[in-house]
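Asker: Sharing protein27.txt below, compact mmCIF, N, CA and C atoms:
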```
# COMPACT_ATOMS: atom_id res chain seq x y z
N MET A 40 -27.61 -18.57 -15.90
CA MET A 40 -27.76 -17.42 -16.76
C MET A 40 -26.39 -16.76 -16.93
N LEU A 41 -26.06 -16.46 -18.15
CA LEU A 41 -24.77 -15.87 -18.48
C LEU A 41 -24.93 -14.39 -18.73
N MET A 42 -24.06 -13.60 -18.11
CA MET A 42 -24.13 -12.16 -18.26
C MET A 42 -22.97 -11.68 -19.13
N LEU A 43 -23.26 -10.90 -20.12
CA LEU A 43 -22.22 -10.36 -20.98
C LEU A 43 -21.63 -9.10 -20.37
N SER A 44 -20.39 -8.87 -20.67
CA SER A 44 -19.72 -7.68 -20.17
C SER A 44 -20.12 -6.47 -21.01
N LEU A 45 -20.24 -5.32 -20.35
CA LEU A 45 -20.61 -4.10 -21.08
C LEU A 45 -19.47 -3.60 -21.96
N PHE A 46 -18.25 -3.69 -21.46
CA PHE A 46 -17.09 -3.19 -22.18
C PHE A 46 -16.02 -4.29 -22.24
N PRO A 47 -16.17 -5.27 -23.11
CA PRO A 47 -15.21 -6.38 -23.14
C PRO A 47 -13.82 -5.96 -23.62
N ASP A 48 -13.72 -4.87 -24.34
CA ASP A 48 -12.41 -4.41 -24.81
C ASP A 48 -11.54 -3.93 -23.65
N LEU A 49 -12.15 -3.54 -22.56
CA LEU A 49 -11.37 -3.04 -21.43
C LEU A 49 -10.63 -4.14 -20.68
N PHE A 50 -10.98 -5.42 -20.96
CA PHE A 50 -10.28 -6.52 -20.31
C PHE A 50 -8.82 -6.61 -20.74
N SER A 51 -8.49 -6.01 -21.88
CA SER A 51 -7.09 -6.01 -22.30
C SER A 51 -6.24 -5.10 -21.41
N PHE A 52 -6.87 -4.24 -20.63
CA PHE A 52 -6.16 -3.37 -19.69
C PHE A 52 -6.31 -3.86 -18.25
N SER A 53 -6.41 -5.15 -18.06
CA SER A 53 -6.66 -5.68 -16.71
C SER A 53 -5.47 -5.48 -15.78
N LEU A 54 -4.29 -5.27 -16.30
CA LEU A 54 -3.14 -5.00 -15.44
C LEU A 54 -3.07 -3.54 -14.98
N ALA A 55 -3.96 -2.71 -15.49
CA ALA A 55 -3.97 -1.31 -15.07
C ALA A 55 -4.58 -1.14 -13.68
N ALA A 56 -5.50 -2.01 -13.30
CA ALA A 56 -6.15 -1.89 -11.99
C ALA A 56 -5.16 -2.07 -10.84
N PRO A 57 -4.31 -3.11 -10.83
CA PRO A 57 -3.32 -3.19 -9.75
C PRO A 57 -2.32 -2.04 -9.79
N PHE A 58 -2.01 -1.55 -10.98
CA PHE A 58 -1.10 -0.41 -11.10
C PHE A 58 -1.69 0.82 -10.42
N ILE A 59 -2.96 1.10 -10.66
CA ILE A 59 -3.61 2.27 -10.06
C ILE A 59 -3.69 2.11 -8.54
N ILE A 60 -4.06 0.92 -8.07
CA ILE A 60 -4.12 0.67 -6.63
C ILE A 60 -2.75 0.81 -6.02
N ARG A 61 -1.72 0.29 -6.71
CA ARG A 61 -0.35 0.36 -6.20
C ARG A 61 0.12 1.81 -6.05
N ILE A 62 -0.19 2.65 -7.02
CA ILE A 62 0.25 4.04 -6.97
C ILE A 62 -0.43 4.77 -5.82
N PHE A 63 -1.73 4.64 -5.68
CA PHE A 63 -2.44 5.34 -4.61
C PHE A 63 -2.03 4.83 -3.23
N LEU A 64 -1.88 3.53 -3.07
CA LEU A 64 -1.46 2.97 -1.79
C LEU A 64 -0.04 3.41 -1.45
N GLY A 65 0.84 3.40 -2.44
CA GLY A 65 2.22 3.82 -2.21
C GLY A 65 2.33 5.29 -1.83
N VAL A 66 1.58 6.14 -2.51
CA VAL A 66 1.63 7.58 -2.21
C VAL A 66 1.06 7.84 -0.82
N TYR A 67 -0.05 7.20 -0.47
CA TYR A 67 -0.65 7.43 0.84
C TYR A 67 0.30 7.01 1.96
N PHE A 68 0.84 5.81 1.88
CA PHE A 68 1.71 5.34 2.94
C PHE A 68 3.06 6.05 2.93
N LEU A 69 3.52 6.56 1.79
CA LEU A 69 4.75 7.36 1.77
C LEU A 69 4.54 8.66 2.52
N ILE A 70 3.43 9.33 2.28
CA ILE A 70 3.11 10.55 3.03
C ILE A 70 2.93 10.24 4.51
N TYR A 71 2.28 9.11 4.82
CA TYR A 71 2.08 8.69 6.21
C TYR A 71 3.42 8.44 6.91
N GLY A 72 4.33 7.75 6.23
CA GLY A 72 5.63 7.44 6.82
C GLY A 72 6.49 8.68 7.00
N ILE A 73 6.50 9.57 6.02
CA ILE A 73 7.28 10.80 6.14
C ILE A 73 6.74 11.67 7.27
N THR A 74 5.43 11.76 7.39
CA THR A 74 4.83 12.52 8.48
C THR A 74 5.17 11.91 9.83
N ALA A 75 5.18 10.58 9.93
CA ALA A 75 5.54 9.93 11.19
C ALA A 75 6.99 10.18 11.55
N VAL A 76 7.88 10.19 10.56
CA VAL A 76 9.29 10.48 10.83
C VAL A 76 9.47 11.92 11.28
N ARG A 77 8.80 12.85 10.62
CA ARG A 77 8.89 14.27 11.03
C ARG A 77 8.36 14.47 12.45
N ASN A 78 7.23 13.84 12.77
CA ASN A 78 6.68 13.97 14.12
C ASN A 78 7.58 13.32 15.16
N ALA A 79 8.24 12.23 14.80
CA ALA A 79 9.15 11.57 15.75
C ALA A 79 10.35 12.46 16.06
N PHE A 80 10.84 13.17 15.06
CA PHE A 80 11.96 14.08 15.30
C PHE A 80 11.54 15.31 16.09
N ARG A 81 10.31 15.77 15.89
CA ARG A 81 9.83 16.94 16.63
C ARG A 81 9.60 16.62 18.10
N GLU A 82 9.00 15.46 18.37
CA GLU A 82 8.63 15.13 19.75
C GLU A 82 9.85 14.79 20.59
N SER A 83 10.60 13.79 20.19
CA SER A 83 11.75 13.38 20.98
C SER A 83 12.69 12.58 20.10
N PRO A 84 13.89 13.08 19.87
CA PRO A 84 14.84 12.32 19.06
C PRO A 84 15.41 11.12 19.80
N VAL A 85 15.10 10.98 21.10
CA VAL A 85 15.61 9.86 21.88
C VAL A 85 14.80 8.59 21.62
N LYS A 86 13.49 8.73 21.46
CA LYS A 86 12.63 7.57 21.21
C LYS A 86 12.88 7.04 19.80
N LYS A 87 13.17 5.77 19.70
CA LYS A 87 13.51 5.19 18.41
C LYS A 87 12.33 4.47 17.75
N SER A 88 11.32 4.03 18.50
CA SER A 88 10.27 3.21 17.89
C SER A 88 9.39 3.98 16.90
N PRO A 89 8.94 5.23 17.17
CA PRO A 89 8.16 5.93 16.14
C PRO A 89 9.00 6.26 14.90
N LEU A 90 10.28 6.54 15.13
CA LEU A 90 11.16 6.83 14.01
C LEU A 90 11.36 5.58 13.16
N PHE A 91 11.54 4.44 13.80
CA PHE A 91 11.72 3.18 13.07
C PHE A 91 10.45 2.80 12.33
N ALA A 92 9.30 2.92 12.97
CA ALA A 92 8.03 2.55 12.33
C ALA A 92 7.74 3.46 11.14
N GLY A 93 7.95 4.75 11.31
CA GLY A 93 7.70 5.69 10.21
C GLY A 93 8.63 5.47 9.04
N SER A 94 9.91 5.22 9.33
CA SER A 94 10.84 5.00 8.22
C SER A 94 10.59 3.65 7.55
N ALA A 95 10.17 2.65 8.31
CA ALA A 95 9.84 1.35 7.71
C ALA A 95 8.64 1.47 6.78
N VAL A 96 7.63 2.21 7.21
CA VAL A 96 6.45 2.41 6.36
C VAL A 96 6.82 3.19 5.11
N ALA A 97 7.69 4.19 5.25
CA ALA A 97 8.10 4.98 4.09
C ALA A 97 8.90 4.13 3.10
N ILE A 98 9.77 3.26 3.60
CA ILE A 98 10.56 2.40 2.72
C ILE A 98 9.68 1.37 2.03
N LEU A 99 8.75 0.77 2.76
CA LEU A 99 7.83 -0.19 2.16
C LEU A 99 6.95 0.46 1.10
N SER A 100 6.48 1.66 1.38
CA SER A 100 5.62 2.34 0.42
C SER A 100 6.40 2.77 -0.82
N ALA A 101 7.68 3.12 -0.65
CA ALA A 101 8.49 3.44 -1.82
C ALA A 101 8.69 2.19 -2.68
N GLY A 102 8.84 1.03 -2.03
CA GLY A 102 8.93 -0.21 -2.79
C GLY A 102 7.65 -0.52 -3.54
N ILE A 103 6.53 -0.29 -2.91
CA ILE A 103 5.24 -0.50 -3.59
C ILE A 103 5.06 0.49 -4.72
N LEU A 104 5.48 1.71 -4.50
CA LEU A 104 5.30 2.76 -5.51
C LEU A 104 6.06 2.44 -6.79
N VAL A 105 7.28 1.93 -6.68
CA VAL A 105 8.04 1.60 -7.88
C VAL A 105 7.80 0.18 -8.35
N GLY A 106 7.12 -0.63 -7.54
CA GLY A 106 6.81 -1.99 -7.94
C GLY A 106 7.91 -2.98 -7.64
N PHE A 107 8.64 -2.78 -6.57
CA PHE A 107 9.72 -3.69 -6.17
C PHE A 107 9.30 -4.47 -4.94
N LEU A 108 9.29 -5.80 -5.03
CA LEU A 108 8.84 -6.69 -3.95
C LEU A 108 7.45 -6.29 -3.46
N THR A 109 6.55 -6.13 -4.39
CA THR A 109 5.22 -5.60 -4.10
C THR A 109 4.42 -6.50 -3.17
N GLN A 110 4.44 -7.80 -3.41
CA GLN A 110 3.60 -8.68 -2.60
C GLN A 110 4.11 -8.79 -1.17
N GLY A 111 5.41 -8.78 -0.97
CA GLY A 111 5.96 -8.81 0.39
C GLY A 111 5.65 -7.54 1.14
N ALA A 112 5.82 -6.40 0.48
CA ALA A 112 5.51 -5.12 1.11
C ALA A 112 4.02 -4.98 1.37
N ALA A 113 3.20 -5.49 0.46
CA ALA A 113 1.75 -5.43 0.65
C ALA A 113 1.32 -6.30 1.83
N ALA A 114 1.98 -7.43 2.03
CA ALA A 114 1.65 -8.28 3.17
C ALA A 114 1.96 -7.57 4.49
N ILE A 115 3.06 -6.87 4.54
CA ILE A 115 3.41 -6.12 5.75
C ILE A 115 2.46 -4.95 5.95
N LEU A 116 2.10 -4.27 4.86
CA LEU A 116 1.17 -3.14 4.96
C LEU A 116 -0.25 -3.61 5.30
N VAL A 117 -0.61 -4.84 4.98
CA VAL A 117 -1.90 -5.40 5.42
C VAL A 117 -1.92 -5.45 6.94
N LEU A 118 -0.85 -5.98 7.52
CA LEU A 118 -0.77 -6.06 8.98
C LEU A 118 -0.72 -4.67 9.61
N PHE A 119 0.03 -3.76 9.00
CA PHE A 119 0.13 -2.41 9.53
C PHE A 119 -1.20 -1.67 9.47
N SER A 120 -1.95 -1.86 8.39
CA SER A 120 -3.23 -1.16 8.27
C SER A 120 -4.25 -1.69 9.27
N VAL A 121 -4.20 -2.99 9.56
CA VAL A 121 -5.09 -3.54 10.60
C VAL A 121 -4.71 -2.98 11.96
N TRP A 122 -3.41 -2.91 12.24
CA TRP A 122 -2.93 -2.37 13.51
C TRP A 122 -3.29 -0.89 13.65
N SER A 123 -3.10 -0.12 12.58
CA SER A 123 -3.41 1.31 12.66
C SER A 123 -4.92 1.56 12.71
N ALA A 124 -5.72 0.69 12.09
CA ALA A 124 -7.18 0.82 12.21
C ALA A 124 -7.63 0.53 13.63
N TRP A 125 -6.94 -0.38 14.29
CA TRP A 125 -7.29 -0.73 15.66
C TRP A 125 -6.96 0.40 16.64
N ARG A 126 -5.88 1.15 16.39
CA ARG A 126 -5.44 2.13 17.37
C ARG A 126 -5.86 3.56 17.06
N THR A 127 -6.43 3.85 15.90
CA THR A 127 -6.81 5.22 15.57
C THR A 127 -8.33 5.37 15.53
N GLN A 128 -8.75 6.62 15.44
CA GLN A 128 -10.18 6.92 15.33
C GLN A 128 -10.68 6.79 13.89
N ASN A 129 -9.79 6.94 12.92
CA ASN A 129 -10.16 6.93 11.51
C ASN A 129 -10.12 5.49 10.97
N LYS A 130 -11.05 4.67 11.41
CA LYS A 130 -11.04 3.26 11.08
C LYS A 130 -11.41 2.99 9.63
N THR A 131 -12.27 3.79 9.06
CA THR A 131 -12.74 3.54 7.70
C THR A 131 -11.61 3.67 6.69
N THR A 132 -10.81 4.70 6.82
CA THR A 132 -9.70 4.91 5.90
C THR A 132 -8.71 3.76 5.97
N HIS A 133 -8.37 3.33 7.17
CA HIS A 133 -7.38 2.27 7.32
C HIS A 133 -7.94 0.91 6.90
N LEU A 134 -9.22 0.69 7.03
CA LEU A 134 -9.80 -0.55 6.54
C LEU A 134 -9.86 -0.57 5.01
N LEU A 135 -10.07 0.59 4.39
CA LEU A 135 -9.99 0.66 2.94
C LEU A 135 -8.56 0.45 2.45
N LEU A 136 -7.59 0.98 3.19
CA LEU A 136 -6.20 0.72 2.86
C LEU A 136 -5.86 -0.75 3.03
N PHE A 137 -6.46 -1.40 4.03
CA PHE A 137 -6.31 -2.84 4.21
C PHE A 137 -6.81 -3.58 2.98
N ALA A 138 -7.97 -3.20 2.48
CA ALA A 138 -8.53 -3.86 1.30
C ALA A 138 -7.65 -3.64 0.06
N MET A 139 -7.09 -2.44 -0.07
CA MET A 139 -6.22 -2.16 -1.20
C MET A 139 -4.93 -2.98 -1.12
N ALA A 140 -4.34 -3.04 0.07
CA ALA A 140 -3.10 -3.82 0.24
C ALA A 140 -3.37 -5.31 0.04
N LEU A 141 -4.52 -5.78 0.50
CA LEU A 141 -4.86 -7.19 0.33
C LEU A 141 -5.08 -7.53 -1.15
N SER A 142 -5.67 -6.61 -1.89
CA SER A 142 -5.86 -6.87 -3.32
C SER A 142 -4.53 -6.87 -4.05
N LEU A 143 -3.58 -6.03 -3.63
CA LEU A 143 -2.25 -6.07 -4.23
C LEU A 143 -1.52 -7.36 -3.88
N LEU A 144 -1.76 -7.86 -2.70
CA LEU A 144 -1.14 -9.12 -2.29
C LEU A 144 -1.57 -10.26 -3.21
N PHE A 145 -2.83 -10.28 -3.61
CA PHE A 145 -3.34 -11.36 -4.45
C PHE A 145 -3.16 -11.11 -5.94
N SER A 146 -3.18 -9.86 -6.38
CA SER A 146 -3.15 -9.59 -7.82
C SER A 146 -1.76 -9.31 -8.36
N GLY A 147 -0.84 -8.88 -7.54
CA GLY A 147 0.49 -8.54 -8.03
C GLY A 147 0.62 -7.06 -8.30
N ALA A 148 1.69 -6.69 -8.99
CA ALA A 148 2.05 -5.28 -9.13
C ALA A 148 1.36 -4.57 -10.29
N GLY A 149 1.06 -5.27 -11.36
CA GLY A 149 0.45 -4.61 -12.52
C GLY A 149 1.50 -4.06 -13.47
N PHE A 150 1.12 -3.03 -14.22
CA PHE A 150 2.02 -2.41 -15.19
C PHE A 150 3.19 -1.71 -14.50
N PHE A 151 4.27 -1.52 -15.26
CA PHE A 151 5.41 -0.69 -14.88
C PHE A 151 5.97 -1.07 -13.51
N ALA A 152 6.30 -2.31 -13.33
CA ALA A 152 6.84 -2.78 -12.05
C ALA A 152 8.09 -3.61 -12.30
N PHE A 153 8.90 -3.72 -11.26
CA PHE A 153 10.08 -4.58 -11.33
C PHE A 153 9.72 -6.04 -11.07
N ASP A 154 8.60 -6.27 -10.44
CA ASP A 154 8.14 -7.63 -10.15
C ASP A 154 7.58 -8.26 -11.43
N LEU A 155 7.96 -9.49 -11.66
CA LEU A 155 7.41 -10.21 -12.79
C LEU A 155 6.67 -11.43 -12.27
N PRO A 156 5.45 -11.67 -12.75
CA PRO A 156 4.72 -12.87 -12.32
C PRO A 156 5.40 -14.11 -12.88
N LEU A 157 5.47 -15.15 -12.07
CA LEU A 157 6.10 -16.40 -12.53
C LEU A 157 5.09 -17.35 -13.10
```
Written as structure tokens, that's how I'd like the structure from this file.
Answerer:
Amino acid sequence: MLMLSLFPDLFSFSLAAPFIIRIFLGVYFLIYGITAVRNAFRESPVKKSPLFAGSAVAILSAGILVGFLTQGAAAILVLFSVWSAWRTQNKTTHLLLFAMALSLLFSGAGFFAFDLPL
């Protein structure tokens, strides 16, 4: 049985879905990374690992936000979201972020990105 689409004209905007996911994922992880860097400076400027992790997440999310090396950054954020879901109480949010990063890994950057599909 064949099912017809309700809005077939919207398929011409199929690159908008990865763009929307990319923007929301980039903004969330940018805020997460900046907050981690601020907390690392408040707690102890001697410890380097929270500062490194927070700045790495902020740099990766900035790359995703502008669409530069999106699939590589999404692959790293997939691993980070699984790790953060394992160690925090807010598992639902991080598993949804995992799904968003995984979909970016497979679909690409979408509109307005520096990445071009080959």
Asker: Please, which residues are within 6 Å of (3.8, -7.9, -3.7) by the file's coordinates, counting only N, CA and C atoms, and could they come as a list in words?
Answerer: Leu108, Thr109, Gln110, Gly111, Ala112, Ala113, Leu143, Leu144, Gly147 and Ala148 of chain A
Asker: List the spatial neighbours of Pro57 (chain A) as a list of chain:residue names - criterion: any atom at most 6 Å away, only N, CA and C atoms, same-chain residues fewer than 4 positions off excluded.
Answerer: A:Ser53, A:Arg61, A:Ile62, A:Gly147, A:Ala148, A:Gly149, A:Phe150
Asker: Between atom C of Phe91 (chain A) and atom C of Asn78 (chain A), what is the distance, to one decimal in Å?
Answerer: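 Between these atoms lies a distance of 11.3 Å.
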Asker: Calculate how many Å separate atom N of Ile115 (chain A) from atom N of Leu54 (chain A), rounding to one decimal.
Answerer: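 According to the coordinates, atom N of Ile115 (chain A) and atom N of Leu54 (chain A) are separated by 22.2 Å.
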Asker: Find, counting all atoms listed in the file, the residue in A:Ile59, A:Leu134, A:Asp154, A:Ala92 that gets nearest to Phe107 (chain A).
Answerer: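 Result for the nearest residue to Phe107 (chain A): A:Asp154.
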Asker: Have a look at A:Val117, A:Leu43, A:Leu64, A:Ala56 and name the one nearest to Val105 (chain A); count only C-alpha atoms.
Answerer: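 Of the candidates, the smallest distance to Val105 (chain A) is held by A:Leu64.
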Asker: When you count all atoms listed in the file, which of these residues is closest to Tyr67 (chain A): A:Ser94, A:Ser44, A:Ser100, A:Ser123?
Answerer: A:Ser100
Asker: Using atom C of Gly102 (chain A) and CA of Ala55 (chain A) as the two end points, give the distance in Å to one decimal.
Answerer: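 Separation between atom C of Gly102 (chain A) and CA of Ala55 (chain A): 16.4 Å.
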Asker: Taking only C-alpha atoms into account, which of A:Phe50, A:Tyr71, A:Phe80, A:Phe151 comes nearest Leu99 (chain A)?
Answerer: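 Closest residue, counting only C-alpha atoms: A:Tyr71.
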Asker: Pick out the closest residue to Leu135 (chain A) from this set: A:Ala79, A:Ala97, A:Ile60, A:Ala114. Count only C-alpha atoms.
Answerer: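 Ranked by minimum distance to Leu135 (chain A), first place goes to A:Ile60.
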Asker: Could you please write out, as a PyMOL selection string, every residue of region 40-147 of chain A that DSSP assigns to alpha helix (DSSP H)?
Answerer: chain A and resi 55-82+88-105+109-126+130-146
Asker: From the list A:Val121, A:Ala95, A:Leu45, A:Ala101, which residue is nearest Val66 (chain A) when using all atoms listed in the file?
Answerer: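 Once distances to Val66 (chain A) are computed over all atoms listed in the file, the minimum belongs to A:Ala101.
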Asker: Residues at most 6 Å from Val76 (chain A), counting all atoms listed in the file, excluding those fewer than 5 positions away in the same chain, as number ranges by chain?
Answerer: A: 89-90, 93-94
